[in-house]
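This is entry37.txt. It holds compact mmCIF, C-alpha atoms and all ligand atoms.
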```
# COMPACT_ATOMS: atom_id res chain seq x y z
CA MET A 11 -2.65 -61.11 -58.72
CA LYS A 12 0.76 -59.68 -59.70
CA ALA A 13 0.55 -57.31 -56.75
CA GLU A 14 2.88 -59.58 -54.79
CA ALA A 15 5.68 -59.13 -57.31
CA SER A 16 6.01 -55.49 -56.32
CA LEU A 17 6.27 -56.32 -52.60
CA GLU A 18 9.60 -55.76 -50.97
CA PHE A 19 11.94 -58.72 -51.39
CA LEU A 20 11.88 -61.02 -48.36
CA PRO A 21 15.45 -62.27 -48.00
CA PHE A 22 16.26 -65.87 -47.18
CA ALA A 23 18.51 -64.77 -44.32
CA ARG A 24 19.39 -61.49 -42.70
CA PRO A 25 21.71 -60.81 -39.75
CA SER A 26 20.26 -59.17 -36.66
CA ILE A 27 22.44 -56.11 -36.05
CA THR A 28 21.56 -53.68 -33.26
CA ALA A 29 23.12 -50.63 -31.60
CA LEU A 30 25.15 -53.06 -29.47
CA GLU A 31 26.97 -54.54 -32.47
CA ARG A 32 27.47 -51.11 -34.05
CA ALA A 33 29.00 -49.66 -30.88
CA ALA A 34 31.24 -52.69 -30.38
CA VAL A 35 32.67 -52.47 -33.89
CA LEU A 36 33.12 -48.68 -33.67
CA ASP A 37 35.04 -49.13 -30.42
CA VAL A 38 37.48 -51.42 -32.19
CA LEU A 39 37.85 -48.97 -35.08
CA ASP A 40 38.68 -46.24 -32.58
CA SER A 41 41.04 -48.44 -30.56
CA GLY A 42 43.84 -48.52 -33.11
CA TRP A 43 43.98 -52.34 -33.02
CA LEU A 44 41.95 -53.99 -35.79
CA THR A 45 43.32 -57.49 -36.14
CA THR A 46 43.58 -60.35 -33.62
CA GLY A 47 43.90 -58.83 -30.17
CA PRO A 48 42.03 -58.28 -26.92
CA ARG A 49 38.52 -58.60 -28.39
CA THR A 50 39.41 -61.92 -30.02
CA LYS A 51 40.86 -63.26 -26.75
CA GLU A 52 37.73 -62.12 -24.92
CA PHE A 53 35.45 -63.72 -27.53
CA GLU A 54 37.35 -67.00 -27.14
CA ALA A 55 37.07 -66.89 -23.35
CA ARG A 56 33.34 -66.04 -23.41
CA PHE A 57 32.57 -68.70 -25.98
CA ALA A 58 34.46 -71.39 -24.05
CA GLU A 59 32.60 -70.39 -20.89
CA THR A 60 29.23 -70.39 -22.68
CA VAL A 61 29.53 -73.86 -24.21
CA GLY A 62 31.52 -75.31 -21.30
CA SER A 63 34.63 -76.22 -23.21
CA ARG A 64 38.26 -76.06 -22.05
CA HIS A 65 39.48 -74.28 -25.16
CA ALA A 66 37.83 -72.09 -27.77
CA LEU A 67 39.97 -70.76 -30.61
CA ALA A 68 38.62 -68.12 -32.96
CA PHE A 69 39.43 -68.36 -36.68
CA ASN A 70 38.25 -66.73 -39.85
CA SER A 71 35.76 -69.51 -40.71
CA ALA A 72 34.39 -72.86 -39.63
CA THR A 73 36.19 -74.28 -42.64
CA ALA A 74 39.49 -73.17 -41.10
CA ALA A 75 38.48 -74.66 -37.74
CA LEU A 76 37.57 -78.00 -39.37
CA HIS A 77 40.83 -78.03 -41.33
CA LEU A 78 42.88 -77.36 -38.20
CA ALA A 79 41.01 -80.05 -36.26
CA LEU A 80 41.82 -82.68 -38.89
CA GLU A 81 45.41 -81.48 -39.13
CA GLY A 82 45.77 -81.67 -35.36
CA LEU A 83 44.35 -85.19 -35.32
CA GLY A 84 47.03 -86.24 -37.77
CA VAL A 85 44.74 -86.95 -40.72
CA GLY A 86 46.97 -87.41 -43.77
CA PRO A 87 47.58 -89.27 -47.03
CA GLY A 88 46.05 -92.75 -47.12
CA ASP A 89 43.50 -91.97 -44.41
CA GLU A 90 39.74 -91.96 -44.78
CA VAL A 91 37.39 -89.58 -42.99
CA ILE A 92 33.67 -90.35 -42.92
CA VAL A 93 31.43 -87.38 -43.83
CA PRO A 94 27.67 -87.28 -44.45
CA THR A 95 26.85 -86.48 -48.06
CA TRP A 96 24.11 -84.11 -46.82
CA THR A 97 26.32 -81.14 -46.08
CA PHE A 98 28.11 -78.11 -47.47
CA ALA A 99 31.36 -78.28 -49.46
CA ALA A 100 33.45 -77.35 -46.41
CA SER A 101 32.80 -80.51 -44.35
CA ALA A 102 34.51 -82.73 -46.94
CA GLU A 103 36.96 -80.41 -48.71
CA VAL A 104 38.98 -80.11 -45.51
CA VAL A 105 39.63 -83.85 -45.75
CA VAL A 106 40.93 -83.32 -49.28
CA TYR A 107 43.19 -80.50 -47.98
CA ARG A 108 44.85 -83.23 -45.89
CA ASP A 109 45.30 -85.48 -48.95
CA ALA A 110 42.93 -87.94 -47.31
CA VAL A 111 39.71 -89.41 -48.74
CA PRO A 112 36.29 -88.21 -47.59
CA VAL A 113 34.01 -91.26 -47.51
CA LEU A 114 30.44 -90.09 -47.97
CA VAL A 115 27.56 -91.70 -46.09
CA ASP A 116 23.79 -91.46 -46.41
CA VAL A 117 21.43 -89.76 -43.97
CA ASP A 118 18.30 -90.60 -42.05
CA ALA A 119 15.16 -89.64 -43.97
CA ALA A 120 13.45 -88.05 -40.95
CA THR A 121 16.23 -85.71 -39.81
CA LEU A 122 18.65 -85.58 -42.76
CA ASN A 123 21.43 -86.27 -40.25
CA ALA A 124 23.73 -89.27 -40.56
CA THR A 125 23.07 -92.02 -38.02
CA PRO A 126 25.64 -93.74 -35.78
CA GLU A 127 24.79 -97.05 -37.51
CA THR A 128 25.41 -95.72 -41.01
CA ILE A 129 28.67 -94.13 -39.94
CA GLU A 130 29.85 -97.28 -38.17
CA GLU A 131 29.09 -99.40 -41.24
CA ALA A 132 31.43 -97.20 -43.29
CA ILE A 133 34.44 -97.73 -41.00
CA THR A 134 37.43 -99.46 -42.56
CA PRO A 135 40.96 -100.02 -41.20
CA ARG A 136 41.89 -96.70 -42.86
CA THR A 137 39.25 -94.62 -41.05
CA LYS A 138 41.08 -91.90 -39.15
CA ALA A 139 38.20 -89.64 -38.09
CA VAL A 140 34.54 -88.75 -38.59
CA VAL A 141 33.05 -85.35 -39.37
CA ALA A 142 29.60 -85.32 -37.75
CA VAL A 143 27.20 -82.67 -39.09
CA HIS A 144 24.25 -81.30 -37.12
CA PHE A 145 22.08 -80.44 -40.10
CA GLY A 146 20.03 -77.25 -39.91
CA GLY A 147 20.66 -76.91 -36.18
CA ARG A 148 19.09 -80.20 -35.15
CA PRO A 149 21.76 -82.30 -33.41
CA MET A 150 22.51 -85.74 -34.79
CA ALA A 151 22.73 -88.64 -32.29
CA ILE A 152 26.15 -87.43 -31.23
CA GLY A 153 26.28 -89.07 -27.77
CA GLU A 154 25.71 -92.51 -29.22
CA LEU A 155 28.13 -91.88 -32.09
CA VAL A 156 30.93 -90.77 -29.78
CA ASP A 157 30.32 -93.78 -27.47
CA ARG A 158 30.55 -96.21 -30.37
CA LEU A 159 33.63 -94.56 -31.91
CA ASP A 160 35.48 -94.12 -28.61
CA ARG A 161 35.42 -97.91 -28.33
CA ARG A 162 37.16 -98.09 -31.70
CA GLY A 163 39.57 -95.24 -31.02
CA ILE A 164 38.20 -93.02 -33.79
CA PRO A 165 37.81 -89.32 -32.99
CA VAL A 166 34.69 -87.35 -33.97
CA VAL A 167 34.91 -83.75 -35.14
CA GLU A 168 31.53 -82.06 -34.88
CA ASP A 169 30.66 -79.75 -37.74
CA THR A 170 28.54 -77.43 -35.63
CA ALA A 171 28.28 -74.74 -38.31
CA HIS A 172 24.46 -74.79 -38.01
CA ALA A 173 24.02 -75.69 -34.39
CA PHE A 174 24.78 -72.88 -31.99
CA PRO A 175 23.30 -72.82 -29.41
CA SER A 176 21.87 -76.35 -29.58
CA ARG A 177 21.77 -78.12 -26.24
CA ILE A 178 21.34 -81.85 -26.20
CA ALA A 179 18.62 -82.90 -23.80
CA GLU A 180 19.72 -86.57 -23.52
CA LEU A 181 23.21 -85.41 -22.53
CA GLY A 182 22.07 -83.18 -19.71
CA GLY A 183 21.87 -80.07 -21.88
CA ARG A 184 25.48 -80.14 -23.07
CA PHE A 185 26.13 -78.04 -26.14
CA ALA A 186 26.39 -79.58 -29.59
CA GLY A 187 30.01 -79.18 -30.62
CA THR A 188 31.38 -80.19 -27.21
CA ILE A 189 30.66 -83.93 -27.28
CA GLY A 190 33.24 -85.10 -29.82
CA ARG A 191 37.00 -84.52 -29.72
CA ALA A 192 36.49 -81.09 -31.28
CA GLY A 193 33.68 -78.91 -32.60
CA ALA A 194 33.71 -76.25 -35.32
CA PHE A 195 31.18 -73.41 -35.21
CA SER A 196 30.48 -70.96 -38.05
CA PHE A 197 29.77 -67.26 -37.78
CA TYR A 198 29.16 -66.77 -41.50
CA ALA A 199 26.66 -64.00 -42.28
CA THR A 200 23.61 -66.30 -42.47
CA LYS A 201 24.36 -68.27 -39.30
CA THR A 202 22.61 -68.09 -35.92
CA ILE A 203 25.23 -65.67 -34.61
CA THR A 204 27.57 -63.91 -37.00
CA THR A 205 30.88 -62.09 -37.29
CA GLY A 206 30.45 -61.60 -41.05
CA GLU A 207 32.94 -64.39 -41.63
CA GLY A 208 34.31 -66.37 -38.72
CA GLY A 209 34.52 -69.65 -36.89
CA MET A 210 35.40 -71.19 -33.54
CA LEU A 211 37.17 -74.44 -32.75
CA VAL A 212 36.33 -75.89 -29.34
CA THR A 213 38.03 -78.82 -27.67
CA ASP A 214 38.96 -80.18 -24.27
CA ASP A 215 42.14 -81.67 -25.73
CA ASP A 216 45.12 -79.50 -24.73
CA ALA A 217 47.47 -80.89 -27.38
CA LEU A 218 44.91 -80.39 -30.15
CA ALA A 219 44.26 -76.81 -28.99
CA ASP A 220 48.00 -76.02 -28.91
CA ARG A 221 48.52 -77.44 -32.36
CA ALA A 222 45.52 -75.58 -33.85
CA ARG A 223 46.67 -72.30 -32.29
CA LEU A 224 50.13 -72.77 -33.77
CA MET A 225 48.98 -73.87 -37.23
CA GLY A 226 46.20 -71.28 -37.38
CA LEU A 227 48.78 -68.48 -37.45
CA HIS A 228 51.58 -69.46 -39.83
CA GLY A 229 53.00 -72.14 -37.54
CA ILE A 230 54.84 -69.41 -35.67
CA SER A 231 55.39 -69.55 -31.94
CA ARG A 232 52.65 -68.70 -29.47
CA HIS A 233 51.40 -65.16 -28.94
CA ALA A 234 52.66 -64.20 -32.37
CA TRP A 235 49.55 -62.03 -32.73
CA ASN A 236 50.91 -59.90 -29.91
CA ARG A 237 54.26 -58.96 -31.40
CA TYR A 238 53.31 -55.35 -32.24
CA ALA A 239 51.69 -54.64 -28.84
CA ALA A 240 53.34 -52.94 -25.87
CA GLY A 241 55.34 -55.65 -24.16
CA GLY A 242 55.19 -57.86 -27.27
CA SER A 243 58.42 -59.33 -28.58
CA TRP A 244 59.89 -58.92 -32.08
CA SER A 245 61.22 -62.45 -31.88
CA TYR A 246 59.37 -65.51 -33.13
CA GLU A 247 60.12 -68.94 -34.51
CA ILE A 248 58.49 -70.74 -37.41
CA GLU A 249 57.84 -74.23 -36.09
CA ASP A 250 55.86 -75.56 -39.05
CA ALA A 251 54.32 -74.36 -42.30
CA GLY A 252 50.95 -73.15 -41.00
CA PHE A 253 47.97 -71.21 -42.29
CA LYS A 254 46.65 -67.63 -42.03
CA TYR A 255 43.36 -68.32 -40.29
CA ASN A 256 43.19 -65.74 -37.48
CA MET A 257 40.06 -63.76 -36.59
CA THR A 258 40.18 -59.94 -36.54
CA ASP A 259 39.15 -57.90 -33.50
CA LEU A 260 36.53 -56.21 -35.68
CA ALA A 261 34.89 -59.59 -36.22
CA ALA A 262 35.35 -60.64 -32.59
CA ALA A 263 33.67 -57.46 -31.32
CA LEU A 264 30.68 -58.30 -33.49
CA GLY A 265 30.83 -61.87 -32.17
CA LEU A 266 30.87 -60.77 -28.53
CA ALA A 267 27.78 -58.64 -29.05
CA GLN A 268 26.00 -61.46 -30.89
CA LEU A 269 27.01 -63.99 -28.24
CA SER A 270 25.45 -61.82 -25.56
CA ARG A 271 22.21 -61.94 -27.58
CA ALA A 272 22.34 -65.66 -28.41
CA GLU A 273 19.38 -66.62 -26.20
CA GLU A 274 17.22 -63.80 -27.55
CA LEU A 275 18.11 -64.76 -31.13
CA LEU A 276 17.37 -68.43 -30.42
CA ALA A 277 13.99 -67.55 -28.90
CA ALA A 278 13.13 -65.57 -32.03
CA ARG A 279 14.06 -68.48 -34.32
CA ARG A 280 12.08 -70.90 -32.21
CA GLU A 281 9.04 -68.70 -32.37
CA LEU A 282 9.35 -68.43 -36.15
CA ALA A 283 9.64 -72.22 -36.50
CA ALA A 284 6.55 -72.64 -34.31
CA GLY A 285 4.80 -69.95 -36.36
CA TYR A 286 5.50 -71.82 -39.59
CA ARG A 287 4.29 -75.09 -38.09
CA ARG A 288 1.05 -73.53 -36.86
CA ARG A 289 0.36 -71.90 -40.20
CA PHE A 290 1.12 -75.00 -42.24
CA LEU A 291 -1.00 -77.22 -40.00
CA GLY A 292 -3.89 -74.77 -40.39
CA SER A 293 -3.34 -74.16 -44.09
CA GLY A 294 -5.46 -76.93 -45.57
CA PHE A 295 -2.50 -78.03 -47.75
CA ASP A 296 -0.24 -79.52 -45.11
CA ASP A 297 -0.84 -82.94 -46.71
CA LEU A 298 1.27 -81.71 -49.65
CA LEU A 299 4.35 -81.09 -47.50
CA ASP A 300 6.49 -82.76 -44.88
CA LEU A 301 7.40 -80.35 -42.09
CA PRO A 302 10.71 -80.51 -40.19
CA ALA A 303 10.96 -83.43 -37.77
CA ASP A 304 10.16 -82.45 -34.20
CA ALA A 305 13.13 -82.07 -31.89
CA PRO A 306 13.17 -81.47 -28.15
CA ASP A 307 12.76 -77.73 -27.95
CA GLU A 308 16.09 -76.86 -26.42
CA SER A 309 18.07 -78.97 -28.87
CA HIS A 310 17.20 -77.24 -32.15
CA ALA A 311 18.97 -74.01 -33.13
CA TRP A 312 16.64 -73.53 -36.14
CA HIS A 313 19.38 -72.26 -38.43
CA LEU A 314 17.27 -73.67 -41.25
CA TYR A 315 13.57 -74.35 -41.71
CA VAL A 316 13.39 -77.09 -44.33
CA VAL A 317 10.08 -78.31 -45.74
CA ARG A 318 9.80 -81.18 -48.19
CA LEU A 319 7.39 -81.38 -51.08
CA ARG A 320 5.28 -84.52 -51.32
CA LEU A 321 6.00 -84.77 -55.02
CA GLU A 322 3.76 -87.80 -55.56
CA ARG A 323 0.77 -85.62 -54.64
CA LEU A 324 1.80 -82.56 -56.64
CA ARG A 325 1.60 -81.35 -60.21
CA ILE A 326 4.61 -79.07 -59.70
CA ASP A 327 8.25 -79.91 -59.02
CA ARG A 328 10.76 -78.26 -56.71
CA ALA A 329 12.35 -76.11 -59.44
CA ALA A 330 8.96 -74.62 -60.30
CA VAL A 331 8.18 -73.95 -56.63
CA MET A 332 11.54 -72.18 -56.24
CA ASP A 333 10.82 -70.10 -59.35
CA GLY A 334 7.36 -69.30 -58.02
CA LEU A 335 8.75 -68.13 -54.68
CA GLN A 336 11.33 -66.01 -56.44
CA ALA A 337 8.66 -64.47 -58.67
CA ARG A 338 6.77 -63.55 -55.51
CA GLY A 339 9.83 -61.82 -54.04
CA ILE A 340 10.60 -64.54 -51.52
CA GLY A 341 14.17 -65.75 -50.97
CA ALA A 342 14.38 -69.51 -50.53
CA SER A 343 17.20 -71.99 -50.89
CA VAL A 344 18.10 -75.67 -51.07
CA HIS A 345 20.16 -77.37 -48.36
CA PHE A 346 21.87 -79.31 -49.63
CA ILE A 347 22.77 -80.56 -53.04
CA PRO A 348 24.31 -83.75 -51.62
CA LEU A 349 28.07 -83.88 -52.12
CA HIS A 350 27.98 -87.12 -54.10
CA LEU A 351 25.91 -85.45 -56.84
CA HIS A 352 28.55 -82.77 -57.53
CA PRO A 353 31.05 -83.17 -60.39
CA TYR A 354 34.14 -83.26 -58.13
CA TYR A 355 32.88 -86.14 -56.00
CA ARG A 356 31.43 -87.93 -59.03
CA SER A 357 34.91 -87.80 -60.56
CA ARG A 358 36.32 -89.48 -57.44
CA PRO A 359 34.28 -92.70 -57.04
CA GLU A 360 36.39 -93.77 -54.05
CA THR A 361 34.52 -91.09 -52.08
CA THR A 362 31.21 -92.88 -52.67
CA PRO A 363 31.79 -96.59 -52.14
CA ARG A 364 28.09 -97.25 -51.50
CA ALA A 365 24.79 -95.99 -52.88
CA LEU A 366 23.25 -93.02 -51.06
CA PRO A 367 19.59 -93.41 -52.00
CA ILE A 368 17.98 -91.39 -49.22
CA ALA A 369 20.01 -88.24 -49.87
CA SER A 370 19.54 -88.59 -53.64
CA ARG A 371 15.78 -88.89 -53.22
CA GLU A 372 15.28 -86.24 -50.53
CA PHE A 373 17.35 -83.71 -52.46
CA GLU A 374 14.59 -83.53 -55.10
CA ARG A 375 12.05 -82.23 -52.63
CA VAL A 376 13.71 -80.00 -50.02
CA ILE A 377 13.18 -76.25 -49.77
CA SER A 378 14.69 -74.01 -47.07
CA LEU A 379 12.32 -71.19 -46.20
CA PRO A 380 13.36 -67.80 -44.81
CA ILE A 381 13.98 -67.85 -41.04
CA TRP A 382 15.75 -64.97 -39.32
CA PRO A 383 15.15 -62.91 -36.18
CA GLY A 384 13.25 -59.82 -37.23
CA MET A 385 10.87 -61.61 -39.59
CA ALA A 386 7.32 -60.55 -38.86
CA ASP A 387 4.07 -62.52 -38.70
CA VAL A 388 3.10 -61.02 -42.05
CA ASP A 389 6.31 -62.41 -43.55
CA LEU A 390 5.37 -65.91 -42.37
CA ASP A 391 1.86 -65.39 -43.75
CA ARG A 392 3.36 -64.35 -47.06
CA VAL A 393 5.62 -67.40 -47.37
CA VAL A 394 2.89 -69.85 -46.41
CA GLY A 395 0.39 -68.03 -48.64
CA ALA A 396 2.79 -68.20 -51.59
CA LEU A 397 3.25 -71.95 -51.11
CA GLY A 398 -0.52 -72.32 -50.89
CA GLU A 399 -0.81 -70.69 -54.32
CA LEU A 400 1.98 -72.74 -55.83
CA LEU A 401 1.23 -76.23 -54.54
CA THR A 402 -1.35 -77.63 -56.89
CA PRO A 403 -2.39 -81.16 -55.97
CA ALA A 404 -2.18 -83.83 -58.67
CA ARG A 405 -5.78 -84.81 -57.99
CA ARG A 406 -8.40 -83.94 -55.44
C1 LIG A 501 27.47 -77.72 -42.62
C2 LIG A 501 28.49 -76.62 -42.84
N1 LIG A 501 29.74 -76.83 -42.44
C3 LIG A 501 30.70 -75.89 -42.58
C4 LIG A 501 30.42 -74.68 -43.16
C5 LIG A 501 31.53 -73.69 -43.35
O1 LIG A 501 31.36 -72.56 -42.57
P1 LIG A 501 32.23 -71.26 -42.89
O2 LIG A 501 31.55 -70.54 -43.98
O3 LIG A 501 32.24 -70.50 -41.60
O4 LIG A 501 33.59 -71.73 -43.25
C6 LIG A 501 29.11 -74.41 -43.60
C7 LIG A 501 28.81 -73.11 -44.20
O5 LIG A 501 27.75 -72.79 -44.61
C8 LIG A 501 28.12 -75.41 -43.44
O6 LIG A 501 26.87 -75.21 -43.85
```
Just give me the structure as structure tokens.
Amino acid sequence: MKAEASLEFLPFARPSITALERAAVLDVLDSGWLTTGPRTKEFEARFAETVGSRHALAFNSATAALHLALEGLGVGPGDEVIVPTWTFAASAEVVVYRDAVPVLVDVDAATLNATPETIEEAITPRTKAVVAVHFGGRPMAIGELVDRLDRRGIPVVEDTAHAFPSRIAELGGRFAGTIGRAGAFSFYATKTITTGEGGMLVTDDDALADRARLMGLHGISRHAWNRYAAGGSWSYEIEDAGFKYNMTDLAAALGLAQLSRAEELLAARRELAAGYRRRFLGSGFDDLLDLPADAPDESHAWHLYVVRLRLERLRIDRAAVMDGLQARGIGASVHFIPLHLHPYYRSRPETTPRALPIASREFERVISLPIWPGMADVDLDRVVGALGELLTPARR
């Protein structure tokens, strides 16, 4: 019975690194140019081409990209920015960086994404922008949201940290992140493609791209990254007080290799999600869980695989299931602890002008299971088997 405890730990997430990534990074190490340079420029160009966006700007995180997007849109003191409560710290803290107020909204119970209706209801005369999150890699109803908000002159910044490469079927297969005024992608170590740490801001708006490029590197004049290269100039001008958000060529080399494998990595995630579904449906205990809502195949990036406990049918709560998985050597997580339940947002009631009952309720029962390219069938068996052991029905 305790045999499982001695099994190798199954991590919650693990990057897929091959000879391609290793060679790309070694090339940069040997090149003599480690920071922002030719690899970063190439990564930006390839990413823009892949998602079909006019500009793609590489930074050291999605948080940086979100911050620069809001800065470029002129978000400032006295403004409100609508953000779903079902997200990571970054989506809302960037609003606070701008001395503006993040106004948290509830999510749809089926998808855990905010809906266009809920967002529109939260608009006030002070609303300056919306941060739209594609939770877990499943796109929210972004086409409808952008249509509604265009009419009111409110820009949408897509937090696409989870959703590369999600293509939106209803919008002719356009990429999530390219529908709003700007999109911010994350290449954090657990994400669908990774640079260790990194992010990309995409936009078709020339002025926004120029401003983000300037502010992303100290507010100093264009091509500042190039000043130590042959042909680079020693001269520069500080045009504003910017930030140090640039991506290194080491990271970009990793990103280029990962980008070239994006379809392969997506196919692997899709297969794992289908594998979970098949196993749960055949498990005999699928009535004790809610599985992730179906999405058109091409639109889900499967960054996360989130199941929900049907607590009313169980004798065990989420904390005990998490402990049980941990005891069996299985890494699992919770996405997310809604923002409005955290001390900072609780101490700022203006961020939560309305009750957020769905997020509060769903939080109690979500569990993110391991999903990463390289997981084997036996790993899926192990996770589903462990849940089968742990989920004891209240009555049968
Ligand atoms: C929804 C969401 N937005 C933004 C971020 C921030 O990404 P990064 O770590 O690249 O700054 C994350 C990170 O996990 C996230 O989950």
**OP:** Find the residue from A:Ser309, A:Asp40, A:Ser378, A:Thr402 that sits nearest to Ile326 of chain A; use all atoms listed in the file when measuring.
**Re:** A:Thr402
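For ligand LIG 501 (chain A), the set of protein, DNA and RNA residues within 6 Å, based on only C-alpha atoms and all ligand atoms, reads Ser71, Ala72, Thr73, Thr97, Phe98, Ala100, Ser101, Asp169, Ala171, Ser196, Phe197, Tyr198, Gly208 and Gly209 of chain A.
With distances restricted to all atoms listed in the file, A:Leu122 is the closest residue to Pro302 of chain A from A:Val91, A:Ala330, A:Leu76, A:Leu122.
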Subject >> Spatial neighbours of segment 51-54 of chain A, 7 Å, only C-alpha atoms, chain gap at least 5 places, as an NGL selection string >> reply: :A and (66-68 or 262 or 265-266)
Original post:
With all atoms listed in the file as the atoms that count, which of A:Leu181, A:Val105, A:Leu335, A:Leu397 lies nearest to Arg289 of chain A?
Top reply: A:Leu397
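Shell of Asp214 of chain A at 9 Å, with all atoms listed in the file counted and residues fewer than 6 places along the chain excluded, is Ser63, Arg64, His65, Ala66, Thr188, Arg191 and Ala192 of chain A.
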Subject >> Atomic separation - atom CA of Thr361 of chain A relative to atom CA of Leu114 of chain A, Å >> reply: 5.9 Å
